[in-house]
Every structure is written in C-alpha cells, then in structure tokens.
>>> print(open('work37.txt').read())   # compact mmCIF, C-alpha atoms (C1' of nucleotides)
# COMPACT_ATOMS: atom_id res chain seq x y z
CA MET A 64 115.02 -59.58 187.35
CA SER A 65 115.72 -55.96 187.52
CA ALA A 66 117.28 -54.34 190.54
CA ASN A 67 116.64 -51.12 192.34
CA SER A 68 119.28 -48.46 192.50
CA ARG A 69 119.80 -48.31 196.26
CA MET A 70 123.28 -49.75 195.88
CA THR A 71 124.16 -47.16 193.26
CA VAL A 72 122.81 -44.26 195.30
CA ALA A 73 124.67 -45.41 198.42
CA VAL A 74 127.98 -45.78 196.57
CA HIS A 75 127.45 -42.41 194.91
CA ALA A 76 126.93 -40.79 198.29
CA LEU A 77 130.00 -42.41 199.83
CA THR A 78 132.15 -41.56 196.82
CA TRP A 79 131.05 -37.96 196.97
CA MET A 80 131.78 -37.85 200.69
CA ALA A 81 135.24 -39.28 200.06
CA LEU A 82 135.95 -36.60 197.47
CA VAL A 83 134.78 -33.83 199.76
CA HIS A 84 136.82 -35.31 202.59
CA ASP A 85 139.94 -35.19 200.41
CA ARG A 86 139.24 -31.52 199.83
CA GLY A 87 139.21 -30.84 203.54
CA ARG A 88 135.53 -30.78 204.40
CA ASP A 89 134.16 -33.44 206.68
CA VAL A 90 130.54 -32.83 207.56
CA VAL A 91 128.12 -32.77 204.65
CA THR A 92 124.33 -32.56 204.43
CA SER A 93 121.86 -34.77 202.65
CA ASP A 94 120.91 -31.75 200.60
CA GLN A 95 124.41 -31.40 199.19
CA ILE A 96 124.62 -35.07 198.30
CA ALA A 97 121.16 -34.94 196.76
CA THR A 98 122.38 -32.21 194.42
CA SER A 99 125.11 -34.46 193.05
CA VAL A 100 122.83 -37.51 192.74
CA ALA A 101 120.04 -35.31 191.38
CA THR A 102 117.34 -36.62 193.65
CA ASN A 103 115.39 -35.71 196.77
CA PRO A 104 117.29 -35.27 200.07
CA VAL A 105 114.94 -37.72 201.78
CA VAL A 106 116.09 -40.45 199.40
CA ILE A 107 119.64 -39.72 200.45
CA ARG A 108 118.78 -39.70 204.15
CA ARG A 109 117.08 -43.07 203.78
CA SER A 110 120.17 -44.43 202.09
CA LEU A 111 122.55 -42.93 204.63
CA ALA A 112 120.42 -44.39 207.43
CA ASP A 113 121.26 -47.86 206.09
CA LEU A 114 124.93 -46.96 205.92
CA ARG A 115 124.83 -45.59 209.45
CA GLU A 116 123.35 -48.83 210.77
CA ALA A 117 126.21 -50.64 209.09
CA GLY A 118 128.71 -48.32 210.74
CA LEU A 119 129.99 -46.80 207.50
CA VAL A 120 128.95 -43.21 208.27
CA THR A 121 128.18 -41.20 211.38
CA VAL A 122 125.62 -38.48 211.81
CA ARG A 123 125.58 -35.28 213.86
CA HIS A 124 122.39 -33.59 214.97
CA GLY A 125 121.50 -30.04 215.91
CA ALA A 126 122.89 -26.92 214.30
CA GLY A 127 125.77 -27.67 211.92
CA ALA A 128 124.39 -31.16 211.56
CA GLY A 129 125.43 -33.54 208.84
CA TRP A 130 127.18 -36.74 207.85
CA THR A 131 130.76 -37.94 208.04
CA LEU A 132 132.54 -41.01 206.71
CA ALA A 133 133.20 -43.34 209.64
CA ARG A 134 136.21 -44.88 207.93
CA ALA A 135 138.62 -43.92 205.17
CA GLY A 136 137.42 -44.63 201.64
CA GLU A 137 140.27 -47.12 201.28
CA SER A 138 138.74 -49.34 203.96
CA ILE A 139 135.13 -49.30 202.75
CA THR A 140 134.46 -51.96 200.15
CA MET A 141 131.55 -52.38 197.78
CA LEU A 142 130.74 -55.50 199.76
CA ASP A 143 130.29 -53.38 202.89
CA VAL A 144 127.80 -51.26 200.97
CA PHE A 145 126.09 -54.32 199.51
CA ARG A 146 125.61 -55.75 202.96
CA ALA A 147 124.30 -52.42 204.24
CA VAL A 148 121.61 -51.94 201.59
CA HIS A 149 120.69 -55.48 200.56
CA ASP A 150 118.20 -57.44 202.52
CA GLU A 151 116.79 -59.66 199.79
CA PRO A 152 118.70 -62.32 197.88
CA LEU A 153 119.68 -61.73 194.26
CA PHE A 154 117.65 -64.72 193.07
CA ALA A 155 114.15 -65.39 194.35
CA LEU A 156 112.71 -68.84 194.89
CA HIS A 157 109.11 -69.70 194.02
CA ARG A 158 106.58 -67.15 195.15
CA GLY A 159 104.17 -69.86 196.24
CA GLU A 160 105.07 -73.29 197.51
CA PRO A 161 105.53 -75.81 194.69
CA ASN A 162 103.54 -79.06 194.63
CA GLN A 163 104.83 -81.15 197.54
CA ALA A 164 103.28 -84.28 196.04
CA CYS A 165 105.82 -84.07 193.22
CA PRO A 166 109.45 -85.12 193.80
CA ILE A 167 110.68 -82.04 191.94
CA GLY A 168 108.36 -79.70 193.78
CA ARG A 169 109.47 -81.21 197.05
CA GLY A 170 113.22 -81.10 196.52
CA ILE A 171 114.01 -78.26 194.17
CA ARG A 172 114.01 -75.41 196.62
CA PRO A 173 116.92 -76.59 198.76
CA ALA A 174 118.78 -77.55 195.59
CA LEU A 175 118.29 -74.08 194.12
CA ARG A 176 119.11 -72.41 197.39
CA ASP A 177 122.56 -73.98 197.25
CA VAL A 178 123.17 -72.88 193.67
CA TYR A 179 121.95 -69.36 194.36
CA ALA A 180 124.04 -69.12 197.51
CA ASP A 181 127.17 -70.01 195.57
CA ALA A 182 126.36 -67.43 192.91
CA GLU A 183 125.73 -64.74 195.49
CA GLU A 184 128.94 -65.62 197.28
CA ALA A 185 130.79 -65.08 194.01
CA VAL A 186 129.27 -61.62 193.80
CA ARG A 187 130.37 -60.85 197.32
CA ARG A 188 133.92 -61.95 196.62
CA GLU A 189 134.02 -59.68 193.59
CA LEU A 190 132.56 -56.70 195.43
CA ALA A 191 135.04 -57.17 198.26
CA LYS A 192 137.87 -56.40 195.85
CA VAL A 193 136.73 -52.84 195.16
CA THR A 194 136.83 -49.95 197.64
CA ILE A 195 135.18 -46.55 197.64
CA ALA A 196 138.64 -45.10 197.06
CA ASP A 197 138.91 -47.22 193.91
CA VAL A 198 135.55 -46.01 192.68
CA LEU A 199 136.53 -42.41 193.41
CA ARG A 200 139.73 -42.78 191.44
CA ASP A 201 137.98 -44.40 188.48
CA THR A 202 135.22 -41.81 188.62
CA LEU A 203 137.63 -38.89 188.45
CA ALA A 204 139.59 -40.60 185.69
CA THR A 205 136.50 -40.70 183.49
CA ARG A 206 135.96 -37.81 181.16
CA SER A 207 132.55 -38.58 179.75
CA ASP A 208 129.61 -40.85 180.43
CA MET B 242 116.88 -55.29 195.40
CA SER B 243 114.57 -58.19 195.17
CA ALA B 244 114.43 -60.47 192.19
CA ASN B 245 111.60 -62.11 190.39
CA SER B 246 111.26 -65.85 190.23
CA ARG B 247 111.43 -66.34 186.47
CA MET B 248 114.79 -68.05 186.79
CA THR B 249 113.42 -70.42 189.42
CA VAL B 250 110.33 -71.28 187.39
CA ALA B 251 112.38 -71.93 184.27
CA VAL B 252 114.82 -74.20 186.09
CA HIS B 253 111.95 -76.01 187.77
CA ALA B 254 110.33 -76.65 184.40
CA LEU B 255 113.55 -77.92 182.83
CA THR B 256 114.34 -80.13 185.82
CA TRP B 257 110.88 -81.62 185.71
CA MET B 258 111.23 -82.25 181.98
CA ALA B 259 114.57 -83.93 182.58
CA LEU B 260 113.02 -86.25 185.17
CA VAL B 261 110.13 -87.15 182.91
CA HIS B 262 112.55 -87.72 180.07
CA ASP B 263 114.51 -90.16 182.21
CA ARG B 264 111.28 -92.00 182.82
CA GLY B 265 110.71 -92.45 179.09
CA ARG B 266 108.26 -89.67 178.27
CA ASP B 267 109.36 -86.91 175.99
CA VAL B 268 106.54 -84.56 175.13
CA VAL B 269 104.96 -82.76 178.07
CA THR B 270 102.35 -80.02 178.32
CA SER B 271 102.42 -76.71 180.11
CA ASP B 272 99.53 -77.98 182.19
CA GLN B 273 101.56 -80.87 183.57
CA ILE B 274 104.49 -78.64 184.43
CA ALA B 275 102.16 -76.10 186.00
CA THR B 276 100.91 -78.80 188.35
CA SER B 277 104.41 -79.40 189.68
CA VAL B 278 105.24 -75.71 189.99
CA ALA B 279 101.75 -75.01 191.38
CA THR B 280 100.99 -72.09 189.14
CA ASN B 281 98.99 -71.23 186.04
CA PRO B 282 99.85 -72.93 182.71
CA VAL B 283 100.18 -69.55 181.03
CA VAL B 284 103.01 -68.65 183.38
CA ILE B 285 104.76 -71.83 182.29
CA ARG B 286 104.14 -71.17 178.62
CA ARG B 287 105.62 -67.69 178.95
CA SER B 288 108.67 -69.15 180.63
CA LEU B 289 109.06 -71.92 178.09
CA ALA B 290 108.75 -69.37 175.31
CA ASP B 291 111.93 -67.73 176.62
CA LEU B 292 113.65 -71.09 176.76
CA ARG B 293 112.52 -71.91 173.25
CA GLU B 294 113.98 -68.67 171.92
CA ALA B 295 117.24 -69.67 173.57
CA GLY B 296 117.09 -73.07 171.91
CA LEU B 297 116.80 -75.05 175.13
CA VAL B 298 113.41 -76.59 174.40
CA THR B 299 111.35 -77.30 171.30
CA VAL B 300 107.60 -77.13 170.91
CA ARG B 301 105.14 -79.17 168.87
CA HIS B 302 101.75 -77.82 167.81
CA GLY B 303 98.48 -79.45 166.93
CA ALA B 304 97.04 -82.55 168.52
CA GLY B 305 99.47 -84.27 170.86
CA ALA B 306 101.24 -80.94 171.20
CA GLY B 307 103.75 -80.20 173.92
CA TRP B 308 107.33 -79.46 174.87
CA THR B 309 110.57 -81.38 174.63
CA LEU B 310 114.07 -80.73 175.93
CA ALA B 311 116.23 -79.72 173.00
CA ARG B 312 119.38 -80.99 174.68
CA ALA B 313 120.26 -83.46 177.41
CA GLY B 314 120.06 -82.11 180.96
CA GLU B 315 123.79 -82.64 181.28
CA SER B 316 124.46 -80.05 178.60
CA ILE B 317 122.09 -77.32 179.82
CA THR B 318 123.70 -75.09 182.43
CA MET B 319 122.14 -72.63 184.82
CA LEU B 320 123.97 -69.97 182.83
CA ASP B 321 122.04 -71.00 179.72
CA VAL B 322 118.83 -70.50 181.66
CA PHE B 323 120.06 -67.22 183.12
CA ARG B 324 120.79 -65.91 179.66
CA ALA B 325 117.40 -67.08 178.42
CA VAL B 326 115.32 -65.36 181.08
CA HIS B 327 117.43 -62.36 182.14
CA ASP B 328 117.30 -59.18 180.18
CA GLU B 329 118.09 -56.69 182.90
CA PRO B 330 121.37 -56.38 184.79
CA LEU B 331 121.59 -57.54 188.41
CA PHE B 332 122.55 -54.04 189.58
CA ALA B 333 120.76 -50.97 188.33
CA LEU B 334 122.44 -47.62 187.78
CA HIS B 335 120.76 -44.32 188.67
CA ARG B 336 117.19 -44.05 187.56
CA GLY B 337 117.67 -40.47 186.50
CA GLU B 338 120.85 -38.89 185.21
CA PRO B 339 123.07 -37.62 188.02
CA ASN B 340 124.25 -34.01 188.12
CA GLN B 341 126.66 -33.60 185.20
CA ALA B 342 128.03 -30.40 186.70
CA CYS B 343 129.56 -32.49 189.50
CA PRO B 344 132.71 -34.55 188.89
CA ILE B 345 131.19 -37.50 190.73
CA GLY B 346 127.88 -37.24 188.91
CA ARG B 347 129.75 -37.08 185.63
CA GLY B 348 132.09 -40.01 186.11
CA ILE B 349 130.47 -42.46 188.49
CA ARG B 350 128.28 -44.30 186.04
CA PRO B 351 131.06 -45.74 183.88
CA ALA B 352 133.02 -46.56 187.03
CA LEU B 353 130.08 -48.45 188.51
CA ARG B 354 129.31 -50.13 185.23
CA ASP B 355 132.75 -51.73 185.33
CA VAL B 356 132.34 -52.94 188.90
CA TYR B 357 128.86 -54.30 188.24
CA ALA B 358 130.02 -56.01 185.06
CA ASP B 359 132.74 -57.83 186.99
CA ALA B 360 130.28 -58.92 189.65
CA GLU B 361 127.79 -60.16 187.09
CA GLU B 362 130.53 -62.02 185.26
CA ALA B 363 131.35 -63.79 188.52
CA VAL B 364 127.74 -64.90 188.77
CA ARG B 365 127.81 -66.21 185.24
CA ARG B 366 130.96 -68.19 185.90
CA GLU B 367 129.34 -69.76 188.94
CA LEU B 368 126.10 -70.57 187.13
CA ALA B 369 128.05 -72.14 184.27
CA LYS B 370 129.33 -74.80 186.68
CA VAL B 371 125.88 -76.25 187.38
CA THR B 372 123.75 -78.21 184.93
CA ILE B 373 120.09 -79.17 184.96
CA ALA B 374 121.24 -82.75 185.52
CA ASP B 375 123.06 -81.57 188.67
CA VAL B 376 119.95 -79.81 189.92
CA LEU B 377 117.85 -82.90 189.20
CA ARG B 378 120.25 -85.10 191.16
CA ASP B 379 120.36 -82.71 194.13
CA THR B 380 116.60 -82.31 194.02
CA LEU B 381 115.95 -86.03 194.18
CA ALA B 382 118.55 -86.41 196.93
CA THR B 383 116.62 -84.00 199.15
CA ARG B 384 114.11 -85.51 201.51
CA SER B 385 112.44 -82.42 202.92
CA ASP B 386 112.28 -78.72 202.32
C1' DC C 159 87.88 -82.50 156.28
C1' DC C 160 86.97 -81.89 161.03
C1' DT C 161 87.44 -82.85 165.69
C1' DT C 162 90.51 -82.30 169.46
C1' DG C 163 93.95 -80.71 172.55
C1' DC C 164 97.40 -77.82 173.33
C1' DT C 165 100.14 -73.63 172.13
C1' DG C 166 100.64 -68.37 171.59
C1' DT C 167 99.38 -64.17 173.17
C1' DA C 168 96.64 -60.26 174.43
C1' DA C 169 94.34 -57.97 178.14
C1' DG C 170 93.23 -56.84 182.77
C1' DA C 171 93.27 -57.28 187.89
C1' DG C 172 95.86 -57.58 192.08
C1' DT C 173 100.25 -57.26 194.47
C1' DT C 174 104.53 -55.49 195.70
C1' DA C 175 108.56 -52.56 195.74
C1' DC C 176 110.71 -48.43 194.92
C1' DT C 177 111.22 -43.48 193.98
C1' DG C 178 110.03 -38.94 194.75
C1' DT C 179 107.68 -35.59 197.50
C1' DT C 180 105.60 -33.03 201.36
C1' DA C 181 105.24 -32.32 206.10
C1' DC C 182 106.60 -32.00 210.60
C1' DA C 183 108.65 -33.28 215.11
C1' DG C 184 113.30 -33.65 217.42
C1' DC C 185 117.77 -32.39 218.33
C1' DA C 186 121.91 -29.76 219.60
C1' DA C 187 125.30 -26.03 218.63
C1' DG C 188 126.01 -21.33 219.37
C1' DC D 184 115.96 -19.59 221.68
C1' DT D 185 117.01 -19.49 217.22
C1' DT D 186 118.54 -22.11 213.43
C1' DG D 187 119.43 -25.76 210.29
C1' DC D 188 119.49 -30.29 209.47
C1' DT D 189 118.11 -35.06 210.67
C1' DG D 190 114.45 -38.82 211.25
C1' DT D 191 110.40 -40.57 209.75
C1' DA D 192 105.66 -41.00 208.51
C1' DA D 193 102.46 -40.65 204.80
C1' DC D 194 101.07 -40.62 200.17
C1' DA D 195 101.11 -40.48 195.12
C1' DG D 196 103.04 -42.20 190.91
C1' DT D 197 105.50 -45.66 188.47
C1' DA D 198 107.01 -50.10 187.11
C1' DA D 199 107.37 -55.02 187.16
C1' DC D 200 105.63 -59.30 188.00
C1' DT D 201 102.26 -62.96 188.82
C1' DC D 202 97.95 -64.82 187.96
C1' DT D 203 93.90 -65.39 185.43
C1' DT D 204 90.56 -65.38 181.57
C1' DA D 205 89.79 -65.56 176.86
C1' DC D 206 90.37 -66.78 172.35
C1' DA D 207 92.68 -67.49 167.83
C1' DG D 208 95.95 -70.84 165.48
C1' DC D 209 97.82 -75.06 164.51
C1' DA D 210 98.49 -79.93 163.25
C1' DA D 211 97.84 -84.94 164.26
C1' DG D 212 94.64 -88.61 163.72
C1' DG D 213 90.49 -90.29 162.66
>>> encode(input="work37.txt", output="structure tokens")
Amino acid sequence: MSANSRMTVAVHALTWMALVHDRGRDVVTSDQIATSVATNPVVIRRSLADLREAGLVTVRHGAGAGWTLARAGESITMLDVFRAVHDEPLFALHRGEPNQACPIGRGIRPALRDVYADAEEAVRRELAKVTIADVLRDTLATRSD
Amino acid sequence: MSANSRMTVAVHALTWMALVHDRGRDVVTSDQIATSVATNPVVIRRSLADLREAGLVTVRHGAGAGWTLARAGESITMLDVFRAVHDEPLFALHRGEPNQACPIGRGIRPALRDVYADAEEAVRRELAKVTIADVLRDTLATRSD
DNA sequence: CCTTGCTGTAAGAGTTACTGTTACAGCAAG
DNA sequence: CTTGCTGTAACAGTAACTCTTACAGCAAGG
C-alpha cells in the first residue's frame, strides 16, 4: 500500500516558500521551487495548482509572474495540505464487488468503511497539529539527512 | 495517494474464517474464501501467506488441506493484519533525492519522516482498537451495502 | 504405495496511477 | 509588443497491483 509523493512535494514547496518569504522575497517561480525539489517545473505547477484550489497559495500571471503563500506558514497545517492533494482514501475497499450471496460479502464493506474512516480521522488529527512553520523550523534544525 | 486492497482482502478472509469457525468448521480452502471475496483463489493464497508469516493463520498440506485461524477472532486486531500485509509507509518521501545544496532540500526529509511517523502511529493505535470479532459482528449487523 | 485435493509459487497479461518531459497557448506587467 | 512565467495537454517510462494459468509439492486416507 505504497503512497505517491504528492504530499511530500507540496509540503516541500510550501516550506521553501515560507523560507523565502522570511528572507524578504514573496513571489517565486515554479522553476525555482523545482530546483530545490530536484524535479521538473511542471510537476511543481501541478502540485501548486492543487494548493491554489485549496486557497493555500495565490498565483500571478504575466511578466513577473509567480506564486505567493496565501497565508502565513504558522496558519497552514499539514492537514490543509493533505486535504488539498488527497482525493483517494488511505485504505481501499475491494476492487470488485464481493459475493452478495454471502453474509460476509454483503456486510463487510460498510463495516470496513467505518474502521477505515476512524483510522483516517486519526491521521487528520495528527496532521492538524503540525504547521508549515513547524516543518520549516525542524528542517533548518537538521544538519544531515 | 491511492491504496491497494490487500488489507481489505486479508480482513475479509479472516472475518469469513471466523464466521465459519463459529459454525463449527475449522479448515477452509482458498477456493471457498475466494468465492466470498469474488476473486481468484491465488489472490487469497497470496494474502493468507502473509497472514501465515505473521502467525495469524496456520496451513495444512496434503489431502484435506486448508487454512485455520491460529487465534480466536477476539485476539486478532486490525493492527495485526496491517502489520502482516503492509510493508510500505502510508506516506512516501521524495522519489529522487532533493537538492542537497538547498537548506530545505537538505533537511526536509528527516523533518517529514517524523511527522509521517506520528501520523502512522496514530493509525496503528486506531487499528489496534478493532478486532476481527468486532468486524464480524458489525458485518453481520449490516443489512445492505 | 498411490490417488486425490489443495497449497506454493512462478510467469505473464492487463490495468491503473504517477512521475518526468516536451510543447505550446495565454496572460499581464512594463 | 516584448518578455517571462503560468496552465495544460500529450506522451513515454516506470512501478505496483490484480487476475489468471500452469504446474510442482505435499500429506491424508484408502
């Protein structure tokens, strides 16, 4: 049950933007962020598009275009990012419909949905405790990988 | 960040085995389980192989071969199943190494690892609260899907 | 022994999702 | 109008998973 790295890329971008903001610059380009993440600018733009839809960043077009944090890093939580990039649940139910002639096949999906919902809610509670500012602080406090 | 359904299949199999056990039968075949899950017996055998390695089920070979719950449903938690089938973390870090010349690229991975570890621990705590017997009860209490 | 029925596992096809990349139209500041 | 960056489509490459077929291995019971 592996996961993609969209969450990681989005947090990386926001953390980088928060650092740059602290240093006095506000508008940054996808190219600059891509350099820090070491990926293609289009990947970053796709990620920032999700964050823009969630209201976490704003974009400016035309000459001198680029991205800006919509809120201070202290008020953006990991949960905000999770909500912005995650569409699918952490745990998947059966791919195909189980045998409805069997009592287990008939009733297990709602039962599992409840369990999975509780587990996912626990994740959300945990992610809500951490802000981009926290991640930035921890990131700068780290010396090595 | 979708997830595969290995967890769901494994829980389905165990729940079905618990029901059958309550009805007096102990040894079941992958073919019978596959009928309830509505999939191929090999998929079930692969899943049960994980559960066997985790000590949750035992297998018998030869004629009259089949699978048996190693413990009562009351003492098998969703966390046990999670541990048996999950090798990868819920949240993935960067696919490629971020730019080490950048302070964010250098320090963000350990920072994220901590956050992700806390979130995953929250999931484990939640899954530890639910047993196969609980799932069986909820499943049988459900009338429709 | 030897038949029988199921497990264990390899191998391959089909599907899906994501990443990385190229390409190009659109936009607005100056 | 020039310029630089965004927005997005399109496509290739990769990886994981499910499903299926195929077949060797094993042990209980005759």
>>> closest_atom_pairs(input="work37.txt", of="chain C", to="chain B", cutoff="12 Å", atoms="only C-alpha atoms (C1' of nucleotides)", output="tab-separated table")
residue	atom	partner	partner_atom	distance
C:DT161	C1'	B:Ala304	CA	10.0
C:DT162	C1'	B:Ala304	CA	6.6
C:DG163	C1'	B:Ala304	CA	5.4
C:DC164	C1'	B:Ala306	CA	5.4
C:DT165	C1'	B:His302	CA	6.2
C:DG166	C1'	B:Arg286	CA	8.3
C:DT167	C1'	B:Arg287	CA	9.2
C:DA168	C1'	B:Val283	CA	11.9
C:DT174	C1'	B:Ser243	CA	10.4
C:DA175	C1'	B:Ser243	CA	8.3
C:DC176	C1'	B:Met242	CA	9.2
C:DT177	C1'	B:Arg336	CA	8.8
C:DG178	C1'	B:Gly337	CA	11.3
>>> write_last_selection(input="work37.txt", atoms="C-alpha atoms (C1' of nucleotides)", output="compact mmCIF listing (two decimals), in the frame of the given file")
# COMPACT_ATOMS: atom_id res chain seq x y z
C1' DT C 161 87.44 -82.85 165.69
C1' DT C 162 90.51 -82.30 169.46
C1' DG C 163 93.95 -80.71 172.55
C1' DC C 164 97.40 -77.82 173.33
C1' DT C 165 100.14 -73.63 172.13
C1' DG C 166 100.64 -68.37 171.59
C1' DT C 167 99.38 -64.17 173.17
C1' DA C 168 96.64 -60.26 174.43
C1' DT C 174 104.53 -55.49 195.70
C1' DA C 175 108.56 -52.56 195.74
C1' DC C 176 110.71 -48.43 194.92
C1' DT C 177 111.22 -43.48 193.98
C1' DG C 178 110.03 -38.94 194.75
>>> atom_distance(input="work37.txt", atom1="CA of Val278 in chain B", atom2="CA of Thr380 in chain B")
13.7 Å
>>> closest_residue(input="work37.txt", among="A:Glu137, A:Asp201, A:Asp143, A:Asp85", to="chain B", atoms="all atoms listed in the file")
A:Asp201
>>> residues_near_point(input="work37.txt", point="(116.7, -79.8, 184.5)", cutoff="8 Å", atoms="only C-alpha atoms (C1' of nucleotides)", output="list in words")
Val252, His253, Ala254, Leu255, Thr256, Trp257, Met258, Ala259, Leu260, Gly314, Ile317, Thr372, Ile373, Ala374, Asp375, Val376 and Leu377 of chain B
>>> closest_residue(input="work37.txt", among="A:Ser99, A:Thr205, A:Thr71, A:Thr121", to="chain D", atoms="all atoms listed in the file")
A:Thr121
>>> interface_residues(input="work37.txt", of="chain B", to="chain A", cutoff="6 Å", atoms="only C-alpha atoms", output="ChimeraX atom specification")
/B:242-246,249,277-279,329,331-335,339-340,346,348-349,352,360,363-364,367,379-380,383
